[in-house]
Amino acid sequence: MQTFDREHSVWARFDVQERRKVDEYCKNYRQFLDTARTERLAAKEILGQAESAGFRSIDSYTSLQAGDKVYWNQKDKSVILAVIGRRPLEDGARIVGSHIDCPRLDLKVMPVVEKNKIVYFKTHYYGGVLKYQWVCRPLSLIGVVYNTDGRKTEVSIGDNPDDPVFFINDLLPHLGKDQAAKKLSEAIEGEMLMPVVGLCGEEEEVKPAILQILKDKYGIEEEDFASAELEIVPAQKSRDVGLDRSMIMAHGHDDRVCSYANLAGILDATAGEFTQIALFADKEEIGSVGNTGVQASYFQDFVAELLALQGKKEELFVRRMLRHSKVLSADVCAAFDPVFPGAYEENNSARLGYGICLCKYTGARGKAGSNDANAEFLWHKCAGFSMQTGVPWQTGELGKVDQGGGGTIAYIMADWGCEVVDCGVAMLSMHAPLELVAKTDAYCAYLAYKAFFESK
């Protein structure tokens, strides 16, 4: 099979047996998507699958041997999995780094407000969103609340078919003359993203009745919102798309399509010469900040703990390990969209259904904020995909020069001295409430990451 082919889709290149594997893999991926609705739920699912596969918390080890399976849980929102290799850790590792947060609406600290006898939630959008896309659709509320007595309450409203949902209103077209004259980016302002919560109350004000429902059902007082993480996400599970069922529509493909491939890859990979590490990070969509983002110290802390368990406690060993490591930044890429051709340079754009996508650089305009992978490492990966692993692959970039741009965790890990290249799934409608990927591309990501973990 020709691995790099811009004329024939992956589906056309796959035989019947491989096509069956695509369908089976994507059934499991859809189950993951429908379970891992937030970064906390994603971390929980990843840890659950890892523990079932024999991974243990790093705190349970007193020494490490080749083949040991270790995990690090960072605040229940980021996870690291590692399978110890036969070579010394300071010789480097094979690392795949993905992220499990995605664009959404977060409830504000004091979110419950009443306007003209209607109660709303006030929100603050998280990540790069097109605000107009979030109106007039069913929405779920998912997250955690810590009550004043320290009790943790998990909230999920809208995902169960019997649950009520939330809804952000828009102006009717009959009265939309002034709105229609605005730029698309200004027609819906951030403070307008207020899901409707309720309007029935026996008192003069409706808000007390809504707060009473929250107290009766969840034990939540209004002040408890100050110690909560509650997210508004589409109240829609994943669905097959197309008469041929060749695509998947879902919230959170960016970047859970790569994160699930990362998870499946390390669980299925054969332990090898080099230590294999799968990183599932939080906060990528807002700059990898905070103590669960990749700019925090926990990844280096994890490496230092691994080395210490092998009797190497000097910081120099951490630096050597990172400097000798090879990394795939597993994040999605924009696929060419024939409906909006003016935003892309077609010859250098990835295509839906043509395999895993290697992006030499991301960034914006003059490659600002980019990793810009070294040619030697790109040769290693391209040759590996073509001649050693047989994984269908393509190249891509994030739109035309000067059109916009974006970034990943690649430049951060490159700052540590690692060799890094972006390697992810091309997709349509990135950052929309519902996004679109090709099943074959999702499966190729799994094949690529598994092969990378096993590479020498």
# chains A, B, ... in the order shown; residues from 1 in each chain; ligands from 1
call {"tool": "residues_around", "arguments": {"residues": "Ile95 in chain A", "least_positions_apart": "4", "cutoff": "8 Å", "atoms": "only C-alpha atoms", "output": "PyMOL selection string"}}
result
chain A and resi 276-279+325-328+453
call {"tool": "write_last_selection", "arguments": {"atoms": "N, CA and C atoms", "output": "short mmCIF file (atom, residue, chain, number, x, y, z; two decimals), in the first residue's frame"}}
result
data_model
loop_
_atom_site.label_atom_id
_atom_site.label_comp_id
_atom_site.auth_asym_id
_atom_site.auth_seq_id
_atom_site.Cartn_x
_atom_site.Cartn_y
_atom_site.Cartn_z
N GLN A 276 8.13 4.60 26.91
CA GLN A 276 7.00 5.17 26.17
C GLN A 276 6.19 6.03 27.13
N ILE A 277 5.89 7.26 26.72
CA ILE A 277 5.15 8.18 27.59
C ILE A 277 4.00 8.81 26.81
N ALA A 278 2.81 8.72 27.37
CA ALA A 278 1.62 9.36 26.80
C ALA A 278 1.17 10.46 27.74
N LEU A 279 1.14 11.68 27.23
CA LEU A 279 0.73 12.86 28.02
C LEU A 279 -0.66 13.29 27.57
N SER A 325 14.88 12.95 23.92
CA SER A 325 13.55 12.42 23.64
C SER A 325 13.02 12.89 22.30
N LYS A 326 12.17 12.07 21.73
CA LYS A 326 11.45 12.41 20.50
C LYS A 326 9.97 12.47 20.82
N VAL A 327 9.29 13.51 20.27
CA VAL A 327 7.92 13.81 20.67
C VAL A 327 7.04 14.00 19.45
N LEU A 328 5.86 13.41 19.50
CA LEU A 328 4.78 13.77 18.58
C LEU A 328 3.80 14.64 19.35
N PHE A 453 5.47 4.77 19.46
CA PHE A 453 5.86 4.24 20.78
C PHE A 453 6.83 3.07 20.64
#
call {"tool": "residues_around", "arguments": {"residues": "Trp416 in chain A", "least_positions_apart": "6", "cutoff": "10 Å", "atoms": "only C-alpha atoms", "output": "PyMOL selection string"}}
result
chain A and resi 300+318-323+325
call {"tool": "write_last_selection", "arguments": {"atoms": "N, CA and C atoms", "output": "PDB file, in the first residue's frame"}}
result
ATOM      1  N   GLN A 300       8.041  17.512  33.966  1.00  0.00           N
ATOM      2  CA  GLN A 300       9.431  17.358  34.402  1.00  0.00           C
ATOM      3  C   GLN A 300       9.510  16.697  35.770  1.00  0.00           C
ATOM      4  N   VAL A 318      17.524  14.573  34.220  1.00  0.00           N
ATOM      5  CA  VAL A 318      16.258  15.053  33.657  1.00  0.00           C
ATOM      6  C   VAL A 318      16.534  15.794  32.356  1.00  0.00           C
ATOM      7  N   ARG A 319      17.530  16.661  32.364  1.00  0.00           N
ATOM      8  CA  ARG A 319      17.865  17.424  31.168  1.00  0.00           C
ATOM      9  C   ARG A 319      18.324  16.502  30.033  1.00  0.00           C
ATOM     10  N   ARG A 320      19.101  15.501  30.384  1.00  0.00           N
ATOM     11  CA  ARG A 320      19.559  14.557  29.351  1.00  0.00           C
ATOM     12  C   ARG A 320      18.389  13.795  28.751  1.00  0.00           C
ATOM     13  N   MET A 321      17.486  13.358  29.616  1.00  0.00           N
ATOM     14  CA  MET A 321      16.342  12.582  29.128  1.00  0.00           C
ATOM     15  C   MET A 321      15.514  13.407  28.156  1.00  0.00           C
ATOM     16  N   LEU A 322      15.207  14.648  28.510  1.00  0.00           N
ATOM     17  CA  LEU A 322      14.397  15.495  27.646  1.00  0.00           C
ATOM     18  C   LEU A 322      15.131  15.816  26.353  1.00  0.00           C
ATOM     19  N   ARG A 323      16.418  16.082  26.447  1.00  0.00           N
ATOM     20  CA  ARG A 323      17.206  16.438  25.265  1.00  0.00           C
ATOM     21  C   ARG A 323      17.278  15.284  24.263  1.00  0.00           C
ATOM     22  N   SER A 325      14.880  12.951  23.921  1.00  0.00           N
ATOM     23  CA  SER A 325      13.547  12.418  23.644  1.00  0.00           C
ATOM     24  C   SER A 325      13.018  12.895  22.299  1.00  0.00           C
TER      25      SER A 325
END
call {"tool": "residues_around", "arguments": {"residues": "Gln31 in chain A", "least_positions_apart": "3", "cutoff": "12 Å", "atoms": "only C-alpha atoms", "output": "ChimeraX atom specification"}}
result
/A:24-28,34-37,42,45,237-239,248,250,256-257,260
call {"tool": "select_by_dssp", "arguments": {"residues": "range 212-381 of chain A", "states": "strand (DSSP E or B)", "output": "PDB file with N, CA and C atoms, in the first residue's frame"}}
result
ATOM      1  N   ALA A 228     -16.572  25.951  42.305  1.00  0.00           N
ATOM      2  CA  ALA A 228     -17.096  24.976  41.349  1.00  0.00           C
ATOM      3  C   ALA A 228     -16.371  25.098  40.013  1.00  0.00           C
ATOM      4  N   GLU A 229     -16.387  24.009  39.257  1.00  0.00           N
ATOM      5  CA  GLU A 229     -15.969  24.014  37.860  1.00  0.00           C
ATOM      6  C   GLU A 229     -17.109  23.391  37.072  1.00  0.00           C
ATOM      7  N   LEU A 230     -17.924  24.249  36.468  1.00  0.00           N
ATOM      8  CA  LEU A 230     -19.113  23.799  35.754  1.00  0.00           C
ATOM      9  C   LEU A 230     -19.039  24.271  34.309  1.00  0.00           C
ATOM     10  N   GLU A 231     -19.233  23.338  33.391  1.00  0.00           N
ATOM     11  CA  GLU A 231     -19.048  23.610  31.969  1.00  0.00           C
ATOM     12  C   GLU A 231     -20.346  23.396  31.200  1.00  0.00           C
ATOM     13  N   ILE A 232     -20.583  24.277  30.267  1.00  0.00           N
ATOM     14  CA  ILE A 232     -21.698  24.138  29.325  1.00  0.00           C
ATOM     15  C   ILE A 232     -21.141  23.541  28.028  1.00  0.00           C
ATOM     16  N   VAL A 233     -21.675  22.382  27.655  1.00  0.00           N
ATOM     17  CA  VAL A 233     -21.260  21.700  26.423  1.00  0.00           C
ATOM     18  C   VAL A 233     -22.513  21.281  25.659  1.00  0.00           C
ATOM     19  N   PRO A 234     -22.400  21.016  24.375  1.00  0.00           N
ATOM     20  CA  PRO A 234     -23.584  20.581  23.618  1.00  0.00           C
ATOM     21  C   PRO A 234     -24.196  19.306  24.203  1.00  0.00           C
ATOM     22  N   ARG A 239     -22.278  11.152  16.654  1.00  0.00           N
ATOM     23  CA  ARG A 239     -23.110  10.521  15.623  1.00  0.00           C
ATOM     24  C   ARG A 239     -22.268  10.222  14.388  1.00  0.00           C
ATOM     25  N   ASP A 240     -22.602   9.118  13.714  1.00  0.00           N
ATOM     26  CA  ASP A 240     -22.028   8.869  12.394  1.00  0.00           C
ATOM     27  C   ASP A 240     -22.594   9.874  11.403  1.00  0.00           C
ATOM     28  N   VAL A 241     -21.784  10.282  10.449  1.00  0.00           N
ATOM     29  CA  VAL A 241     -22.190  11.264   9.446  1.00  0.00           C
ATOM     30  C   VAL A 241     -21.988  10.673   8.051  1.00  0.00           C
ATOM     31  N   MET A 247     -17.776   9.387   8.561  1.00  0.00           N
ATOM     32  CA  MET A 247     -17.317  10.459   9.436  1.00  0.00           C
ATOM     33  C   MET A 247     -18.027  10.398  10.781  1.00  0.00           C
ATOM     34  N   ILE A 248     -17.483  11.120  11.743  1.00  0.00           N
ATOM     35  CA  ILE A 248     -18.069  11.222  13.082  1.00  0.00           C
ATOM     36  C   ILE A 248     -18.243  12.688  13.428  1.00  0.00           C
ATOM     37  N   MET A 249     -19.442  13.048  13.867  1.00  0.00           N
ATOM     38  CA  MET A 249     -19.728  14.392  14.373  1.00  0.00           C
ATOM     39  C   MET A 249     -19.777  14.319  15.893  1.00  0.00           C
ATOM     40  N   ALA A 250     -19.102  15.234  16.542  1.00  0.00           N
ATOM     41  CA  ALA A 250     -19.111  15.242  18.015  1.00  0.00           C
ATOM     42  C   ALA A 250     -18.521  16.540  18.527  1.00  0.00           C
ATOM     43  N   THR A 275      11.608   4.099  26.793  1.00  0.00           N
ATOM     44  CA  THR A 275      10.420   4.331  27.611  1.00  0.00           C
ATOM     45  C   THR A 275       9.364   5.050  26.776  1.00  0.00           C
ATOM     46  N   GLN A 276       8.134   4.598  26.912  1.00  0.00           N
ATOM     47  CA  GLN A 276       7.005   5.170  26.172  1.00  0.00           C
ATOM     48  C   GLN A 276       6.186   6.029  27.129  1.00  0.00           C
ATOM     49  N   ILE A 277       5.894   7.256  26.722  1.00  0.00           N
ATOM     50  CA  ILE A 277       5.148   8.178  27.587  1.00  0.00           C
ATOM     51  C   ILE A 277       3.998   8.806  26.808  1.00  0.00           C
ATOM     52  N   ALA A 278       2.808   8.715  27.370  1.00  0.00           N
ATOM     53  CA  ALA A 278       1.617   9.355  26.798  1.00  0.00           C
ATOM     54  C   ALA A 278       1.165  10.462  27.743  1.00  0.00           C
ATOM     55  N   LEU A 279       1.142  11.682  27.234  1.00  0.00           N
ATOM     56  CA  LEU A 279       0.732  12.855  28.016  1.00  0.00           C
ATOM     57  C   LEU A 279      -0.659  13.285  27.568  1.00  0.00           C
ATOM     58  N   PHE A 280      -1.535  13.500  28.547  1.00  0.00           N
ATOM     59  CA  PHE A 280      -2.889  13.999  28.289  1.00  0.00           C
ATOM     60  C   PHE A 280      -3.048  15.275  29.105  1.00  0.00           C
ATOM     61  N   ALA A 281      -2.911  16.422  28.439  1.00  0.00           N
ATOM     62  CA  ALA A 281      -2.773  17.696  29.140  1.00  0.00           C
ATOM     63  C   ALA A 281      -4.076  18.486  29.164  1.00  0.00           C
ATOM     64  N   LYS A 326      12.168  12.069  21.727  1.00  0.00           N
ATOM     65  CA  LYS A 326      11.452  12.409  20.497  1.00  0.00           C
ATOM     66  C   LYS A 326       9.971  12.474  20.819  1.00  0.00           C
ATOM     67  N   VAL A 327       9.294  13.509  20.271  1.00  0.00           N
ATOM     68  CA  VAL A 327       7.922  13.812  20.674  1.00  0.00           C
ATOM     69  C   VAL A 327       7.040  14.003  19.448  1.00  0.00           C
ATOM     70  N   LEU A 328       5.856  13.411  19.499  1.00  0.00           N
ATOM     71  CA  LEU A 328       4.784  13.773  18.583  1.00  0.00           C
ATOM     72  C   LEU A 328       3.797  14.642  19.350  1.00  0.00           C
ATOM     73  N   SER A 329       3.626  15.888  18.893  1.00  0.00           N
ATOM     74  CA  SER A 329       2.590  16.757  19.446  1.00  0.00           C
ATOM     75  C   SER A 329       1.287  16.376  18.770  1.00  0.00           C
ATOM     76  N   CYS A 333      -5.380  19.170  12.995  1.00  0.00           N
ATOM     77  CA  CYS A 333      -5.003  20.127  11.954  1.00  0.00           C
ATOM     78  C   CYS A 333      -6.241  20.438  11.126  1.00  0.00           C
ATOM     79  N   ALA A 334      -6.229  21.569  10.462  1.00  0.00           N
ATOM     80  CA  ALA A 334      -7.359  21.961   9.620  1.00  0.00           C
ATOM     81  C   ALA A 334      -7.310  21.207   8.298  1.00  0.00           C
ATOM     82  N   ALA A 335      -8.413  20.564   7.946  1.00  0.00           N
ATOM     83  CA  ALA A 335      -8.538  19.940   6.637  1.00  0.00           C
ATOM     84  C   ALA A 335      -9.076  20.969   5.639  1.00  0.00           C
ATOM     85  N   ALA A 350      -4.031  19.734   4.352  1.00  0.00           N
ATOM     86  CA  ALA A 350      -4.419  18.339   4.550  1.00  0.00           C
ATOM     87  C   ALA A 350      -5.833  18.124   4.008  1.00  0.00           C
ATOM     88  N   ILE A 356      -2.999  10.356   8.737  1.00  0.00           N
ATOM     89  CA  ILE A 356      -2.442  11.209   9.777  1.00  0.00           C
ATOM     90  C   ILE A 356      -1.695  12.368   9.132  1.00  0.00           C
ATOM     91  N   CYS A 357      -1.747  13.540   9.770  1.00  0.00           N
ATOM     92  CA  CYS A 357      -1.196  14.762   9.178  1.00  0.00           C
ATOM     93  C   CYS A 357       0.041  15.234   9.938  1.00  0.00           C
ATOM     94  N   LEU A 358       1.149  15.377   9.222  1.00  0.00           N
ATOM     95  CA  LEU A 358       2.364  15.977   9.779  1.00  0.00           C
ATOM     96  C   LEU A 358       2.377  17.459   9.453  1.00  0.00           C
ATOM     97  N   CYS A 359       2.530  18.289  10.476  1.00  0.00           N
ATOM     98  CA  CYS A 359       2.618  19.743  10.302  1.00  0.00           C
ATOM     99  C   CYS A 359       3.999  20.205  10.753  1.00  0.00           C
ATOM    100  N   GLY A 363       1.682  28.135  14.363  1.00  0.00           N
ATOM    101  CA  GLY A 363       1.929  29.556  14.553  1.00  0.00           C
ATOM    102  C   GLY A 363       1.003  30.423  13.728  1.00  0.00           C
ATOM    103  N   ALA A 364       1.279  31.700  13.730  1.00  0.00           N
ATOM    104  CA  ALA A 364       0.464  32.679  13.013  1.00  0.00           C
ATOM    105  C   ALA A 364       1.362  33.609  12.214  1.00  0.00           C
ATOM    106  N   ALA A 368       4.927  32.859  14.012  1.00  0.00           N
ATOM    107  CA  ALA A 368       5.012  33.261  15.418  1.00  0.00           C
ATOM    108  C   ALA A 368       4.367  32.206  16.311  1.00  0.00           C
TER     109      ALA A 368
END
call {"tool": "closest_residue", "arguments": {"among": "A:Ser52, A:Ser60, A:Gln394, A:Gln65", "to": "Gln310 in chain A", "atoms": "only C-alpha atoms"}}
result
A:Gln65
call {"tool": "select_by_dssp", "arguments": {"residues": "range 67-302 of chain A", "states": "helix (DSSP H, G or I)", "output": "count of residues only"}}
result
63
call {"tool": "closest_residue", "arguments": {"among": "A:Tyr125, A:Asp268, A:Lys77, A:Asn160", "to": "Lys450 in chain A", "atoms": "only C-alpha atoms"}}
result
A:Asp268
call {"tool": "residues_around", "arguments": {"residues": "Ser156 in chain A", "least_positions_apart": "3", "cutoff": "9 Å", "atoms": "only C-alpha atoms", "output": "compact mmCIF listing (two decimals) with N, CA and C atoms, in the first residue's frame"}}
result
# COMPACT_ATOMS: atom_id res chain seq x y z
N SER A 140 -25.78 20.97 27.76
CA SER A 140 -25.67 20.26 29.04
C SER A 140 -24.80 21.04 30.00
N LEU A 141 -25.02 20.80 31.29
CA LEU A 141 -24.18 21.37 32.36
C LEU A 141 -23.49 20.22 33.06
N ILE A 142 -22.15 20.22 33.02
CA ILE A 142 -21.37 19.11 33.59
C ILE A 142 -20.21 19.68 34.39
N GLY A 143 -19.92 19.09 35.54
CA GLY A 143 -18.78 19.53 36.32
C GLY A 143 -18.85 19.10 37.76
N VAL A 144 -18.10 19.81 38.59
CA VAL A 144 -18.03 19.50 40.01
C VAL A 144 -18.24 20.76 40.83
N ASP A 159 -27.33 15.36 29.65
CA ASP A 159 -26.83 14.25 28.85
C ASP A 159 -27.77 13.05 28.84
N ASN A 160 -28.50 12.86 29.94
CA ASN A 160 -29.47 11.77 30.00
C ASN A 160 -30.70 12.16 29.17
call {"tool": "residues_around", "arguments": {"residues": "range 115-121 of chain A", "least_positions_apart": "2", "cutoff": "9 Å", "atoms": "only C-alpha atoms", "output": "count of residues only"}}
result
21
call {"tool": "residues_around", "arguments": {"residues": "Val437 in chain A", "least_positions_apart": "2", "cutoff": "9 Å", "atoms": "only C-alpha atoms", "output": "PyMOL selection string"}}
result
chain A and resi 246-250+253+257+352-353+425-428+435+439-442
call {"tool": "write_last_selection", "arguments": {"atoms": "N, CA and C atoms", "output": "compact mmCIF listing (two decimals), in the first residue's frame"}}
result
# COMPACT_ATOMS: atom_id res chain seq x y z
N SER A 246 -18.96 7.45 7.03
CA SER A 246 -17.51 7.57 6.95
C SER A 246 -16.93 8.59 7.92
N MET A 247 -17.78 9.39 8.56
CA MET A 247 -17.32 10.46 9.44
C MET A 247 -18.03 10.40 10.78
N ILE A 248 -17.48 11.12 11.74
CA ILE A 248 -18.07 11.22 13.08
C ILE A 248 -18.24 12.69 13.43
N MET A 249 -19.44 13.05 13.87
CA MET A 249 -19.73 14.39 14.37
C MET A 249 -19.78 14.32 15.89
N ALA A 250 -19.10 15.23 16.54
CA ALA A 250 -19.11 15.24 18.01
C ALA A 250 -18.52 16.54 18.53
N HIS A 253 -13.75 16.70 19.41
CA HIS A 253 -12.73 16.01 18.61
C HIS A 253 -11.36 16.66 18.83
N VAL A 257 -9.83 13.27 19.72
CA VAL A 257 -9.56 12.29 18.67
C VAL A 257 -8.10 11.84 18.73
N LEU A 352 -9.45 15.65 4.27
CA LEU A 352 -10.22 14.73 5.09
C LEU A 352 -10.16 13.33 4.48
N GLY A 353 -9.74 12.36 5.30
CA GLY A 353 -9.74 10.98 4.84
C GLY A 353 -8.47 10.52 4.17
N VAL A 425 -4.80 14.66 13.57
CA VAL A 425 -5.91 14.34 12.68
C VAL A 425 -6.42 15.61 12.02
N ALA A 426 -6.55 15.60 10.70
CA ALA A 426 -7.16 16.72 9.98
C ALA A 426 -8.67 16.69 10.17
N MET A 427 -9.28 17.87 10.33
CA MET A 427 -10.71 17.90 10.65
C MET A 427 -11.37 19.13 10.06
N LEU A 428 -12.69 19.09 10.04
CA LEU A 428 -13.50 20.24 9.62
C LEU A 428 -14.26 20.79 10.81
N GLU A 435 -17.89 19.09 15.82
CA GLU A 435 -16.80 19.04 14.85
C GLU A 435 -16.88 17.75 14.04
N LYS A 439 -13.38 8.79 9.86
CA LYS A 439 -13.05 7.62 10.67
C LYS A 439 -11.67 7.07 10.33
N THR A 440 -11.33 7.07 9.03
CA THR A 440 -10.03 6.53 8.65
C THR A 440 -8.88 7.35 9.24
N ASP A 441 -9.05 8.67 9.32
CA ASP A 441 -8.00 9.51 9.88
C ASP A 441 -7.84 9.24 11.38
N ALA A 442 -8.97 9.06 12.09
CA ALA A 442 -8.90 8.75 13.51
C ALA A 442 -8.14 7.44 13.73
call {"tool": "residues_around", "arguments": {"residues": "Val421 in chain A", "least_positions_apart": "2", "cutoff": "12 Å", "atoms": "only C-alpha atoms", "output": "ChimeraX atom specification"}}
result
/A:95-97,325-331,357-362,370-382,395,408-414,418-419,423-424
call {"tool": "closest_residue", "arguments": {"among": "A:Gln236, A:Ser227, A:Asn348, A:Thr270", "to": "Arg6 in chain A", "atoms": "only C-alpha atoms"}}
result
A:Asn348
